[in-house]
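Trainee: Sharing a structure below in structure tokens format, with a few things to ask.
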Amino acid sequence: MSEIIFHPYVTEKTMNLMEKENKLEFVVRRNAKKNEIKKAVEEMFAVKVEDVNTRIRHDGKHAVVKLAEGYSAEDIGMRIGVF
């Protein structure tokens, strides 16, 4: 996808986050900072990001991105083939 964002991370839990909290989860470059992730998501999908939370897991660094009001995580999910 980009140098920072590798691919979406899709599980039943992330699908619920998408529907209920307007959030998407991505696997990102391990040394990426929150502001870099925010900028990459905003540029890739033409949206505004409200918040970014990250955590490092055994399979890489994950970023949970909350979209600003007026933007739909479900729409982006459809565009990137999550559904």
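Going by the structure tokens order, chains are called A, B, ..., each with residues numbered from 1, while ligands are numbered from 1 in the order shown.
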Taking 2 positions as the minimum chain separation for residues in the same chain, which residues sit within 12 Å of region 13-19 of chain A when counting only C-alpha atoms? Answer as a list in words.
Mentor: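 Answer for this query is Pro8, Tyr9, Val10, Thr11, Glu21, Asn22, Lys23, Leu24, Glu25, Phe26, His62, Ala63, Val64, Val65, Lys66, Leu67, Tyr71, Ser72, Ala73, Glu74, Asp75, Ile76, Gly77, Met78, Val82 and Phe83 of chain A.
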Trainee: As number ranges by chain, which residues of chain A does DSSP assign to helix (DSSP H, G or I)?
Mentor: A: 12-21, 34-45, 73-80
Trainee: Can you tell me how far CA of Arg29 (chain A) sits from CA of Lys61 (chain A), in Å to one decimal?
Mentor: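 Value for the CA of Arg29 (chain A)-CA of Lys61 (chain A) distance: 6.5 Å.
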Trainee: Measuring atom to atom with only C-alpha atoms, identify which of A:Lys20, A:His58, A:Lys39, A:Met44 is nearest to Ser2 (chain A).
Mentor: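 Nearest to Ser2 (chain A): A:Met44.
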Trainee: Pick out each residue of chain A that DSSP on the backbone tags as strand (DSSP E); I need them as a PyMOL selection string.
Mentor: chain A and resi 5-8+23-28+49-57+60-67
Trainee: From the list A:Ile4, A:Thr54, A:Asp59, A:Ala68, which residue is nearest Ala40 (chain A) when using only C-alpha atoms?
Mentor: A:Ile4
Trainee: Determine, counting only C-alpha atoms, which protein, DNA and RNA residues have an atom within 8 Å of an atom of Lys38 (chain A); residues of the same chain fewer than 3 positions away are not included. Present the result as a ChimeraX atom specification.
Mentor: /A:34-35,41-42,49,51-52,65
